[in-house]
Structures are given as C-alpha cells and as structure tokens.
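Coordinates from start.cif are shown below (mmCIF, C-alpha atoms and all ligand atoms).
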data_start
loop_
_atom_site.label_atom_id
_atom_site.label_comp_id
_atom_site.auth_asym_id
_atom_site.auth_seq_id
_atom_site.Cartn_x
_atom_site.Cartn_y
_atom_site.Cartn_z
CA MET A 1 -7.91 21.41 -11.29
CA ASN A 2 -6.41 23.37 -8.40
CA SER A 3 -5.45 20.65 -5.92
CA VAL A 4 -4.74 16.88 -5.99
CA THR A 5 -4.33 14.58 -2.96
CA VAL A 6 -2.56 11.22 -3.20
CA ARG A 7 -2.42 8.50 -0.52
CA VAL A 8 0.71 6.33 -0.59
CA PRO A 9 1.73 3.28 1.46
CA ALA A 10 4.89 2.27 3.36
CA LYS A 11 6.85 -0.88 2.51
CA VAL A 12 8.48 -3.75 4.33
CA ASN A 13 11.12 -5.94 2.66
CA LEU A 14 10.25 -9.65 2.84
CA GLN A 15 13.62 -10.71 1.45
CA LEU A 16 16.58 -8.37 1.15
CA ALA A 17 19.56 -10.22 -0.32
CA VAL A 18 22.55 -7.88 -0.64
CA GLY A 19 25.24 -8.70 -3.22
CA PRO A 20 28.75 -7.27 -3.46
CA LEU A 21 29.45 -3.51 -3.39
CA ARG A 22 29.43 -2.11 -6.95
CA ASP A 23 31.81 0.49 -8.38
CA ASP A 24 29.03 3.12 -8.22
CA GLY A 25 28.66 2.70 -4.43
CA TYR A 26 25.41 0.70 -4.63
CA HIS A 27 24.82 -3.01 -4.07
CA ASP A 28 23.07 -5.42 -6.41
CA LEU A 29 20.02 -6.74 -4.62
CA VAL A 30 17.19 -9.17 -4.66
CA ASN A 31 14.63 -7.06 -2.88
CA VAL A 32 11.13 -8.46 -2.29
CA PHE A 33 9.05 -5.36 -1.55
CA HIS A 34 5.60 -5.53 0.08
CA ALA A 35 3.39 -2.43 0.45
CA VAL A 36 1.56 -2.21 3.80
CA SER A 37 -1.39 -0.18 5.07
CA ILE A 38 0.47 2.69 6.75
CA PHE A 39 -0.14 5.75 4.57
CA ASP A 40 1.29 9.21 4.01
CA GLU A 41 -0.88 11.75 2.18
CA VAL A 42 0.50 14.36 -0.21
CA THR A 43 -1.61 17.30 -1.40
CA ALA A 44 -0.31 19.22 -4.41
CA THR A 45 -1.75 22.71 -5.00
CA ALA A 46 -0.98 24.92 -7.99
CA GLU A 47 1.37 27.78 -7.04
CA THR A 48 4.01 29.88 -8.78
CA GLY A 49 7.10 28.64 -6.82
CA MET A 50 8.00 25.25 -5.29
CA SER A 51 7.32 24.78 -1.55
CA VAL A 52 6.61 21.98 0.92
CA ARG A 53 5.15 21.69 4.41
CA VAL A 54 5.26 18.55 6.54
CA GLU A 55 2.70 17.62 9.22
CA GLY A 56 2.14 14.64 11.53
CA GLU A 57 4.41 11.79 12.70
CA SER A 58 7.96 13.13 13.41
CA ALA A 59 7.36 16.03 10.97
CA ASP A 60 10.16 18.00 12.69
CA GLN A 61 12.70 15.43 11.36
CA VAL A 62 11.74 15.98 7.72
CA PRO A 63 13.33 18.81 5.68
CA GLU A 64 11.00 21.50 4.30
CA ASP A 65 13.42 22.67 1.61
CA GLY A 66 15.07 21.29 -1.52
CA ASP A 67 16.31 18.26 0.47
CA ASN A 68 12.74 16.97 0.70
CA LEU A 69 12.43 14.03 -1.69
CA ALA A 70 8.88 15.02 -2.68
CA ILE A 71 10.04 18.48 -3.84
CA GLN A 72 12.91 16.83 -5.71
CA ALA A 73 10.33 14.61 -7.41
CA ALA A 74 8.20 17.61 -8.44
CA LEU A 75 11.27 19.41 -9.82
CA ALA A 76 12.40 16.31 -11.74
CA LEU A 77 8.93 15.95 -13.27
CA ALA A 78 8.81 19.64 -14.32
CA ARG A 79 12.29 19.24 -15.86
CA HIS A 80 11.16 16.11 -17.71
CA ALA A 81 8.18 18.05 -19.09
CA GLY A 82 10.50 20.94 -20.02
CA ARG A 83 8.36 23.53 -18.20
CA SER A 84 8.82 25.70 -15.10
CA TYR A 85 5.73 24.57 -13.21
CA GLY A 86 5.17 25.49 -9.55
CA VAL A 87 3.50 23.58 -6.74
CA ASN A 88 2.89 23.67 -3.00
CA LEU A 89 3.09 20.21 -1.40
CA ILE A 90 1.59 19.40 1.98
CA ILE A 91 2.79 16.04 3.33
CA ARG A 92 0.82 14.41 6.16
CA LYS A 93 3.19 11.78 7.56
CA ALA A 94 2.19 8.55 9.25
CA ILE A 95 5.10 6.47 7.89
CA PRO A 96 7.95 6.50 10.43
CA VAL A 97 10.80 8.81 9.36
CA ALA A 98 14.17 7.13 8.62
CA GLY A 99 12.50 3.92 9.80
CA GLY A 100 13.35 1.54 6.93
CA MET A 101 9.80 1.80 5.56
CA ALA A 102 10.62 4.08 2.60
CA GLY A 103 8.64 7.08 3.81
CA GLY A 104 10.61 9.63 1.77
CA SER A 105 10.38 7.42 -1.32
CA ALA A 106 6.63 7.08 -0.81
CA ASP A 107 6.23 10.88 -0.67
CA ALA A 108 8.33 11.24 -3.83
CA ALA A 109 6.14 8.71 -5.67
CA ALA A 110 2.98 10.46 -4.42
CA ALA A 111 4.34 13.83 -5.59
CA LEU A 112 5.03 12.40 -9.08
CA VAL A 113 1.46 11.09 -9.36
CA ALA A 114 -0.10 14.25 -7.89
CA CYS A 115 1.88 16.70 -10.05
CA ASN A 116 1.37 14.61 -13.22
CA GLU A 117 -2.36 15.04 -12.58
CA LEU A 118 -2.27 18.66 -11.32
CA TRP A 119 -0.22 19.88 -14.29
CA GLY A 120 -2.30 17.82 -16.74
CA LEU A 121 0.81 16.13 -18.16
CA GLY A 122 -0.77 12.72 -18.63
CA LEU A 123 2.64 11.01 -18.65
CA PRO A 124 2.50 7.20 -18.72
CA VAL A 125 3.70 5.24 -15.70
CA GLU A 126 6.83 4.13 -17.65
CA ASP A 127 8.03 7.78 -17.77
CA LEU A 128 7.28 8.25 -14.07
CA MET A 129 9.22 5.02 -13.34
CA GLU A 130 12.32 6.40 -15.08
CA ILE A 131 12.17 9.64 -13.10
CA ALA A 132 11.56 7.59 -9.93
CA ALA A 133 14.69 5.46 -10.40
CA ASP A 134 16.84 8.62 -10.55
CA LEU A 135 15.35 9.87 -7.28
CA GLY A 136 16.19 6.74 -5.23
CA SER A 137 16.35 2.95 -5.34
CA ASP A 138 13.05 2.51 -3.45
CA VAL A 139 11.03 5.11 -5.40
CA PRO A 140 10.04 2.87 -8.38
CA PHE A 141 8.44 0.34 -6.01
CA ALA A 142 6.71 3.17 -4.15
CA LEU A 143 5.05 4.02 -7.51
CA LEU A 144 4.04 0.41 -8.13
CA GLY A 145 2.77 -0.88 -4.75
CA GLY A 146 1.51 -4.42 -4.13
CA THR A 147 4.29 -6.99 -3.82
CA ALA A 148 7.22 -7.12 -6.26
CA VAL A 149 10.77 -8.32 -6.60
CA GLY A 150 13.39 -5.67 -7.31
CA THR A 151 16.79 -6.39 -8.84
CA GLY A 152 19.70 -4.14 -9.79
CA ARG A 153 19.82 -1.63 -6.94
CA GLY A 154 16.16 -2.43 -6.36
CA GLU A 155 14.74 -0.33 -9.20
CA ARG A 156 14.06 -3.10 -11.77
CA LEU A 157 10.71 -4.52 -10.75
CA THR A 158 8.64 -7.61 -11.44
CA PRO A 159 5.22 -7.72 -9.75
CA LEU A 160 4.51 -10.90 -7.75
CA GLU A 161 1.32 -12.87 -7.33
CA VAL A 162 0.04 -12.97 -3.74
CA GLY A 163 -2.65 -15.40 -2.65
CA GLY A 164 -4.03 -13.56 0.37
CA ARG A 165 -3.69 -10.78 2.91
CA PHE A 166 -0.89 -10.79 5.51
CA HIS A 167 -1.22 -9.18 8.94
CA TRP A 168 1.72 -7.32 10.42
CA VAL A 169 2.82 -5.63 13.61
CA PHE A 170 5.47 -2.90 13.43
CA ALA A 171 7.56 -1.84 16.43
CA LEU A 172 8.72 1.74 15.89
CA ALA A 173 12.01 2.87 17.41
CA ASP A 174 13.14 6.19 18.85
CA GLY A 175 15.22 7.96 16.18
CA GLY A 176 16.12 6.68 12.72
CA LEU A 177 19.04 4.90 11.06
CA SER A 178 20.85 6.22 7.97
CA THR A 179 20.42 3.82 5.04
CA ALA A 180 23.94 4.56 3.72
CA LYS A 181 25.47 3.88 7.16
CA VAL A 182 23.65 0.55 7.48
CA TYR A 183 24.92 -0.61 4.06
CA ALA A 184 28.44 0.55 5.02
CA GLU A 185 28.23 -1.39 8.30
CA CYS A 186 27.08 -4.47 6.37
CA ASP A 187 30.20 -4.16 4.14
CA ARG A 188 32.43 -3.65 7.19
CA MET A 189 31.06 -6.72 8.99
CA ARG A 190 31.42 -8.86 5.86
CA GLU A 191 34.99 -7.72 5.38
CA ALA A 192 35.82 -8.43 9.03
CA THR A 193 34.55 -12.02 8.78
CA GLY A 194 35.94 -12.60 5.27
CA GLU A 195 32.51 -13.98 4.38
CA GLU A 196 32.00 -15.06 0.74
CA ILE A 197 29.37 -12.73 -0.80
CA ALA A 198 26.91 -14.75 -2.83
CA TRP A 199 25.12 -13.33 -5.89
CA PRO A 200 21.61 -12.45 -4.60
CA ARG A 201 18.82 -14.85 -5.58
CA ALA A 202 15.10 -14.81 -4.82
CA ALA A 203 14.16 -17.62 -2.41
CA ASP A 204 11.71 -19.98 -4.17
CA PRO A 205 10.03 -21.13 -0.90
CA LEU A 206 9.31 -17.46 -0.07
CA LEU A 207 7.74 -16.84 -3.49
CA ALA A 208 5.67 -20.03 -3.12
CA ALA A 209 4.47 -18.98 0.36
CA LEU A 210 3.41 -15.61 -1.07
CA ARG A 211 1.49 -17.28 -3.90
CA ARG A 212 -0.34 -19.52 -1.41
CA GLY A 213 -0.99 -16.68 1.04
CA ASP A 214 0.59 -18.92 3.71
CA ALA A 215 1.64 -16.70 6.65
CA LYS A 216 3.43 -19.44 8.63
CA ALA A 217 5.54 -20.51 5.64
CA LEU A 218 6.26 -16.88 4.71
CA GLY A 219 7.23 -16.13 8.31
CA SER A 220 9.96 -18.75 8.34
CA GLU A 221 11.36 -17.46 5.02
CA LEU A 222 11.64 -13.73 5.90
CA ALA A 223 15.28 -12.69 5.50
CA ASN A 224 17.19 -9.41 5.58
CA ASP A 225 20.96 -9.27 4.96
CA LEU A 226 21.02 -5.75 6.47
CA GLN A 227 19.63 -6.99 9.79
CA PRO A 228 22.97 -7.81 11.49
CA ALA A 229 24.29 -4.35 10.54
CA ALA A 230 21.14 -2.58 11.80
CA VAL A 231 21.32 -4.52 15.09
CA MET A 232 25.04 -3.72 15.40
CA LEU A 233 24.26 0.00 15.04
CA ARG A 234 21.21 -0.17 17.34
CA ARG A 235 21.79 -2.93 19.92
CA SER A 236 18.34 -2.56 21.49
CA LEU A 237 16.77 -4.09 18.35
CA ALA A 238 17.99 -7.56 19.40
CA ARG A 239 15.64 -7.45 22.41
CA THR A 240 12.72 -6.10 20.37
CA LEU A 241 13.09 -8.94 17.84
CA GLU A 242 13.47 -11.56 20.59
CA THR A 243 10.34 -10.28 22.37
CA GLY A 244 8.28 -10.62 19.17
CA ARG A 245 9.53 -14.19 18.72
CA GLU A 246 8.70 -15.07 22.35
CA GLN A 247 5.23 -13.56 21.96
CA GLY A 248 4.43 -15.87 19.06
CA ALA A 249 5.13 -13.92 15.85
CA VAL A 250 5.31 -16.39 12.94
CA GLY A 251 8.06 -14.25 11.38
CA THR A 252 10.34 -11.53 12.66
CA LEU A 253 12.76 -9.16 10.94
CA VAL A 254 14.16 -5.66 10.76
CA SER A 255 12.37 -3.66 8.03
CA GLY A 256 14.90 -2.68 5.32
CA SER A 257 17.70 -0.63 6.86
CA GLY A 258 15.77 -0.36 10.15
CA PRO A 259 15.27 0.48 12.93
CA THR A 260 11.56 -0.47 12.59
CA CYS A 261 11.02 -4.16 13.41
CA ALA A 262 8.33 -6.14 11.57
CA PHE A 263 6.41 -9.12 12.99
CA LEU A 264 4.17 -11.34 10.91
CA ALA A 265 0.99 -12.66 12.55
CA GLU A 266 -1.28 -15.57 11.59
CA SER A 267 -4.45 -13.45 11.44
CA GLU A 268 -5.80 -9.97 12.15
CA ALA A 269 -6.80 -11.05 15.67
CA HIS A 270 -3.34 -12.51 16.28
CA ALA A 271 -1.74 -9.24 15.10
CA GLY A 272 -3.89 -7.33 17.63
CA GLU A 273 -2.79 -9.64 20.48
CA LEU A 274 0.85 -9.49 19.43
CA ALA A 275 0.72 -5.68 19.31
CA LEU A 276 -0.65 -5.57 22.87
CA SER A 277 2.10 -7.91 24.14
CA LEU A 278 4.82 -5.86 22.45
CA LYS A 279 3.38 -2.63 23.87
CA ALA A 280 3.24 -4.16 27.37
CA ALA A 281 6.86 -5.33 27.07
CA GLY A 282 7.96 -1.70 26.53
CA VAL A 283 10.41 -2.58 23.75
CA ALA A 284 9.28 0.08 21.27
CA ARG A 285 8.40 3.78 21.05
CA ASP A 286 5.09 2.76 19.49
CA VAL A 287 3.50 -0.40 18.08
CA ILE A 288 1.14 -0.40 15.10
CA THR A 289 -0.71 -3.04 13.09
CA ALA A 290 -1.09 -3.07 9.30
CA TYR A 291 -1.86 -5.46 6.44
CA GLY A 292 -0.43 -6.08 3.02
CA PRO A 293 -0.29 -6.07 0.13
CA VAL A 294 -1.99 -2.75 -0.67
CA PRO A 295 -2.00 -0.80 -3.98
CA GLY A 296 0.50 1.98 -4.71
CA PRO A 297 -0.27 5.72 -4.82
CA THR A 298 -4.01 6.45 -5.13
CA VAL A 299 -5.64 9.78 -5.91
CA VAL A 300 -8.23 10.45 -3.18
C1 LIG B 401 17.29 -0.50 2.34
C2 LIG B 401 16.25 -0.29 1.27
O1 LIG B 401 15.26 0.60 1.75
C3 LIG B 401 15.56 -1.61 0.97
O2 LIG B 401 14.43 -1.45 0.16
C4 LIG B 401 16.86 0.28 -0.03
O3 LIG B 401 17.86 -0.59 -0.55
C5 LIG B 401 17.39 1.69 0.13
O4 LIG B 401 16.77 2.45 -0.84
P1 LIG B 401 16.82 4.07 -0.83
O5 LIG B 401 16.58 4.57 0.55
O6 LIG B 401 15.93 4.52 -1.93
O7 LIG B 401 18.35 4.30 -1.15
P2 LIG B 401 19.08 5.33 -2.14
O8 LIG B 401 18.61 6.71 -1.81
O9 LIG B 401 18.99 4.86 -3.55
O10 LIG B 401 20.58 5.15 -1.65
C6 LIG B 401 21.02 5.58 -0.37
C7 LIG B 401 22.31 4.87 -0.06
O11 LIG B 401 22.06 3.48 0.27
C8 LIG B 401 23.06 2.64 -0.26
N1 LIG B 401 22.46 1.68 -1.20
C9 LIG B 401 21.17 1.81 -1.63
C10 LIG B 401 20.62 0.89 -2.50
C11 LIG B 401 21.42 -0.18 -2.94
N2 LIG B 401 20.96 -1.11 -3.79
N3 LIG B 401 22.71 -0.29 -2.51
C12 LIG B 401 23.23 0.61 -1.65
O12 LIG B 401 24.40 0.48 -1.26
C13 LIG B 401 24.10 3.56 -0.93
O13 LIG B 401 25.08 3.83 0.04
C14 LIG B 401 23.29 4.81 -1.24
O14 LIG B 401 24.10 5.96 -1.27
N1 LIG B 402 9.42 13.41 2.34
C1 LIG B 402 10.30 12.91 3.20
N2 LIG B 402 9.87 12.11 4.21
C2 LIG B 402 10.76 11.58 5.09
N3 LIG B 402 12.08 11.83 5.08
C3 LIG B 402 12.54 12.62 4.10
C4 LIG B 402 11.69 13.18 3.13
N4 LIG B 402 12.43 13.88 2.29
C5 LIG B 402 13.69 13.78 2.71
N5 LIG B 402 13.79 13.05 3.82
C6 LIG B 402 15.04 12.72 4.53
O1 LIG B 402 15.38 11.38 4.24
C7 LIG B 402 15.81 10.67 5.39
C8 LIG B 402 15.34 9.23 5.27
O2 LIG B 402 13.95 9.23 5.45
P1 LIG B 402 12.99 8.02 5.07
O3 LIG B 402 11.81 8.13 5.97
O4 LIG B 402 12.74 7.98 3.62
O5 LIG B 402 13.92 6.80 5.46
P2 LIG B 402 13.71 5.26 5.34
O6 LIG B 402 12.26 4.92 5.50
O7 LIG B 402 14.67 4.61 6.28
O8 LIG B 402 14.13 4.98 3.85
P3 LIG B 402 14.39 3.58 3.12
O9 LIG B 402 13.48 2.56 3.72
O10 LIG B 402 14.01 3.93 1.69
O11 LIG B 402 15.84 3.31 3.30
C9 LIG B 402 15.21 11.41 6.58
O12 LIG B 402 16.12 11.42 7.65
C10 LIG B 402 14.93 12.82 6.06
O13 LIG B 402 15.91 13.73 6.49
#

Could you spell out this file's structure in structure tokens?
Ligand SMILES: C[C@](O)(CO)[C@H](O)COP(=O)(O)OP(=O)(O)OC[C@H]1O[C@@H](n2ccc(N)nc2=O)[C@H](O)[C@@H]1O
Ligand SMILES: Nc1ncnc2c1ncn2[C@@H]1O[C@H](COP(=O)(O)OP(=O)(O)OP(=O)(O)O)[C@@H](O)[C@H]1O
Amino acid sequence: MNSVTVRVPAKVNLQLAVGPLRDDGYHDLVNVFHAVSIFDEVTATAETGMSVRVEGESADQVPEDGDNLAIQAALALARHAGRSYGVNLIIRKAIPVAGGMAGGSADAAAALVACNELWGLGLPVEDLMEIAADLGSDVPFALLGGTAVGTGRGERLTPLEVGGRFHWVFALADGGLSTAKVYAECDRMREATGEEIAWPRAADPLLAALRRGDAKALGSELANDLQPAAVMLRRSLARTLETGREQGAVGTLVSGSGPTCAFLAESEAHAGELALSLKAAGVARDVITAYGPVPGPTVV
C-alpha cells in the first residue's frame, strides 16, 4: 500500500470542569468530549524522510515542520515500532485552527491511524492510545470519537451512551486563542476572586440528557469552566454568545479554550435558521452547522 487517507472529526466540550492546578502544570478535569461533523483529512504516502504539507482553512497558520502535531505523531509511532520509517503527510484542514475544536489533536490521531496502516504495523488501539496521550491531552479522544468523558488531564476516557443526534451551529472567530494562556487566565481569575476550586465531577443531568438524546435538557446543562477566561481574553465573544441566546439556541458555550462559540439547536432545520441569524448579525468570521456524535478517525 502506497497511500492511506484518514478522515477525522473536530470536537466540542459539553462539560469542561477544571480542577486545581497540578504540580506538572496541568489541571485535573472532567471533560465531556463530543465529536462533530467538521472533518480534516490526512493522506499519508510512503517516502524516505518525514514531511508535511497543509492545505485549506487557515493553512498558513499551521506549521509545516517538526512543530506540526501530525508529524510528531508519525515520529512517535515510528519510535514505538523501533524503525526509521518515512512518510509524507498532506493535511486538508476544515477544522478551525487554534479554535478550541482540537484540530491539531485530530490531525495527530489521523496520522497515527494512517501510518499504522501504511507501515503495516497492525498495532492495537491500546498502543495508539498510549502514544496519543504523550502527544497531547485531547489526542486520545481524537482517536476514539463519539462522545466520552475524560478524566485526569482529559486522557483517561470512558465512552458515553448517546440516545440521538444533536445539531450544532459554530461561530468561528478571527484568529485563535492559546490553550495554555486560557488555562493560565482561568487560574489568575480564580486566584483574584479567592474562589474555592471544587474537585471536578461529571454532571448527572447532562449525562441523562445525552442518554435520552434530549437537546433542550442538554442545552441547559452545557458548562465550560474555561469560558470566563476565554471571554476575558477575547471580549467580543460575550456578544457572540448573547446573540446566539437571543436567536433561540437551546444551549450556548465557548468550545474548549475558544474562541469558537458553539450553539445547540433543537433540530437540523433549527440549526439552519440559527446559522442564518448569526451570519446576519455579523458576530463571527464564519458560521457553520454540524451534528454529533460522529465516529473517530476513519480510513477513506
Ligand atoms: C481545552 C481542551 O481542548 C479541552 O478539551 C484541552 O484541555 C486542551 O488539550 P490540548 O490542547 O491537547 O492540551 P495539551 O497540549 O495537553 O496542553 C497544552 C497546555 O494546556 C494546559 N492544560 C491542558 C490540559 C489540562 N488538563 N490542563 C492544562 O492546564 C497546560 O498549560 C498545557 O501546557
Ligand atoms: N496539524 C495541526 N493543525 C493545527 N494546528 C497545529 C497543527 N500542528 C500544530 N499546530 C499548532 O497548534 C496550535 C493549536 O492548534 P489547534 O487547532 O490544535 O488548537 P485548538 O483547536 O485550540 O486545540 P485544543 O482544542 O486541543 O485546545 C496552532 O496555533 C498551530 O500552531
């Protein structure tokens, strides 16, 4: 086999409960991940060296060297296998860059799946999961897809049962936000208010709403502890979120570390209407609809 292409989805966090700062610089989380139908595509082609090219949505903001998370994933896999394999990766991006939708993590997961296949390694998903956790906190979920709760720094996953399809609208912002800076701002704001930091717990009503496939109930349970920090660093998000609420979204939140804002709709038709209203209000660089949950990386 000379070439393998893998399609991989973005994520939104339905609940992101952030615990205290740990000694290793990470935070313990309860992170309810949900994969949505915005896809990057990664094509891996056999080659002697390691190289990457990025095309599509905001490709100019993505590194094409060793800083690219997909190349790091390929290198980590070759190291794990104890061989000096080579690969050329072509990444076609649709997931917003530095948007809080785990685009880099998705590409890393896709590269692991593609190279495992291309190099004929046949490693089980458990091995890929271990490599994924070393690459970044979001990468294990990017390998899994669907809907799952993550604990630890988000890498320890339990898949969740979901009783239906949810329809989403995403408002994309101009420019990204640094994940590390958003966590640091969250710590700063907590310190300034002297707020007691609770141990993160999954919200039972949210899990029940997911099981029933109940969009209205899920909408009122969406929660992101990083949201105040993201809004503090990007004040314009307050208006974007408010506009979605006014236009009838059943749930509204910043996706992960932002700045993408996510709006839950009652149906596909409602998502279409909501997207038009948000576009007309001019509160986003672009507005897209998607549904979830969707499966993780798929060879196409
Ligand atoms: C915001 C989320 O996207 C929500 O899913 C993730 O928690 C971030 O996951 P990620 O982008 O894969 O993050 P990593 O590459 O592992 O870490 C980047 C930085 O985010 C902060 N970080 C990340 C995860 C975590 N549980 N606690 C943290 O404090 C740390 O400052 C870390 O240096
Ligand atoms: N394959 C990649 N795709 C996108 N960004 C990448 C990639 N590899 C490295 N990066 C770098 O990582 C940074 C974060 O990009 P990414 O799109 O993963 O952010 P994010 O969606 O906010 O992440 P998360 O939701 O996991 O916090 C970018 O600014 C970019 O420089």

For the interface of range 32-89 of chain A with range 107-123 of chain A (cut-off 6 Å, counting all atoms listed in the file), please tabulate each contacting residue of range 32-89 of chain A alongside its nearest pair of atoms and their separation in Å to one decimal, rows sorted by chain and increasing number, as CSV.
residue,atom,partner,partner_atom,distance
A:Leu69,CA,A:Ala108,CA,5.4
A:Ala70,CA,A:Ala108,CA,4.0
A:Ala73,CA,A:Ala108,CA,5.3

Fill in: Pairwise distance for atom P1 of ligand LIG 401 (chain B) and CA of Arg235 in chain A, rounded to one decimal in Å
22.5 Å

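In this comparison, which uses all atoms listed in the file, the residue of A:Ala202, A:Val231, A:Ala171, A:Leu226 approaching Val283 in chain A most closely is A:Ala171.
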
Discussion item. Could you list, as a ChimeraX atom specification, every residue within 7 Å of range 260-270 of chain A, counting all atoms listed in the file and ignoring same-chain residues fewer than 6 positions away?
Written reply: /A:99-100,167-173,215-216,219,241,244,249-254

File of the preceding selection, C-alpha atoms, as a compact mmCIF listing (two decimals), in the coordinates of the input:
# COMPACT_ATOMS: atom_id res chain seq x y z
CA GLY A 99 12.50 3.92 9.80
CA GLY A 100 13.35 1.54 6.93
CA HIS A 167 -1.22 -9.18 8.94
CA TRP A 168 1.72 -7.32 10.42
CA VAL A 169 2.82 -5.63 13.61
CA PHE A 170 5.47 -2.90 13.43
CA ALA A 171 7.56 -1.84 16.43
CA LEU A 172 8.72 1.74 15.89
CA ALA A 173 12.01 2.87 17.41
CA ALA A 215 1.64 -16.70 6.65
CA LYS A 216 3.43 -19.44 8.63
CA GLY A 219 7.23 -16.13 8.31
CA LEU A 241 13.09 -8.94 17.84
CA GLY A 244 8.28 -10.62 19.17
CA ALA A 249 5.13 -13.92 15.85
CA VAL A 250 5.31 -16.39 12.94
CA GLY A 251 8.06 -14.25 11.38
CA THR A 252 10.34 -11.53 12.66
CA LEU A 253 12.76 -9.16 10.94
CA VAL A 254 14.16 -5.66 10.76

Worksheet entry | Near-ligand residues for ligand LIG 402 (chain B), threshold 9 Å, all atoms listed in the file, as a PyMOL selection string | chain A and resi 10-13+54+58-59+61-72+91+93+95-108+136-139+176-180+255-260

Fill in: Residue among A:Tyr85, A:Ala280, A:Thr48, A:Pro20 lying closest to Glu195 in chain A, counting only C-alpha atoms
A:Pro20

Item to complete: Determine the nearest neighbour of Asn224 in chain A from the options A:Leu143, A:Cys186, A:Leu207, A:Val287, counting all atoms listed in the file.
Response: A:Cys186

Discussion item. What's the separation between CA of Gly150 in chain A and CA of Asn31 in chain A, in Å to one decimal place?
Written reply: 4.8 Å

Give the padded box for range 126-130 of chain A as lines of an AutoDock Vina configuration file: axis-aligned, covering all atoms listed in the file, 4 Å on each side, centre and edge lengths in Å to one decimal.
center_x = 9.6
center_y = 6.2
center_z = -15.6
size_x = 13.5
size_y = 12.1
size_z = 12.4

Worksheet item: Which residue gives the smallest distance to ligand LIG 401 (chain B) among A:Ala94, A:Ile131, A:Ala184, A:Ala44, with all atoms listed in the file counted?
Response: A:Ala184

Item to complete: To one decimal in Å, tell me the separation between CA of Leu14 in chain A and CA of Leu135 in chain A.
Response: 22.6 Å

Worksheet item: Can you find the residues with an atom no farther than 12 Å from (24.7, -18.1, 2.9), counting all atoms listed in the file, and report them as a VMD selection string?
Response: chain A and resid 17 to 19 190 195 to 201 203 223 to 225

Those residues with C-alpha atoms, as a PDB file, in the coordinates of the input please?
ATOM      1  CA  ALA A  17      19.560 -10.220  -0.320  1.00  0.00           C
ATOM      2  CA  VAL A  18      22.550  -7.880  -0.640  1.00  0.00           C
ATOM      3  CA  GLY A  19      25.240  -8.700  -3.220  1.00  0.00           C
ATOM      4  CA  ARG A 190      31.420  -8.860   5.860  1.00  0.00           C
ATOM      5  CA  GLU A 195      32.510 -13.980   4.380  1.00  0.00           C
ATOM      6  CA  GLU A 196      32.000 -15.060   0.740  1.00  0.00           C
ATOM      7  CA  ILE A 197      29.370 -12.730  -0.800  1.00  0.00           C
ATOM      8  CA  ALA A 198      26.910 -14.750  -2.830  1.00  0.00           C
ATOM      9  CA  TRP A 199      25.120 -13.330  -5.890  1.00  0.00           C
ATOM     10  CA  PRO A 200      21.610 -12.450  -4.600  1.00  0.00           C
ATOM     11  CA  ARG A 201      18.820 -14.850  -5.580  1.00  0.00           C
ATOM     12  CA  ALA A 203      14.160 -17.620  -2.410  1.00  0.00           C
ATOM     13  CA  ALA A 223      15.280 -12.690   5.500  1.00  0.00           C
ATOM     14  CA  ASN A 224      17.190  -9.410   5.580  1.00  0.00           C
ATOM     15  CA  ASP A 225      20.960  -9.270   4.960  1.00  0.00           C
TER      16      ASP A 225
END

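Considering only C-alpha atoms and all ligand atoms, the residue among A:Gly154, A:Pro124, A:Gly194, A:Gly56 positioned nearest to ligand LIG 401 (chain B) is A:Gly154.
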
Item to complete: For Arg211 in chain A, please output as a PyMOL selection string all residues within 7 Å (counting only C-alpha atoms; exclusion window: fewer than 5 positions along the same chain).
Response: chain A and resi 161-163

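Using all atoms listed in the file, the shortest contact distance between Val32 in chain A and any of A:Pro159, A:Pro295, A:Pro140, A:Pro205 is found at A:Pro159.
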
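Once only C-alpha atoms are considered, the residues situated within 8 Å of the file point (-0.6, 15.5, 1.7) turn out to be Thr5, Val6, Arg7, Asp40, Glu41, Val42, Thr43, Ala44, Leu89, Ile90, Ile91, Arg92 and Lys93 of chain A.
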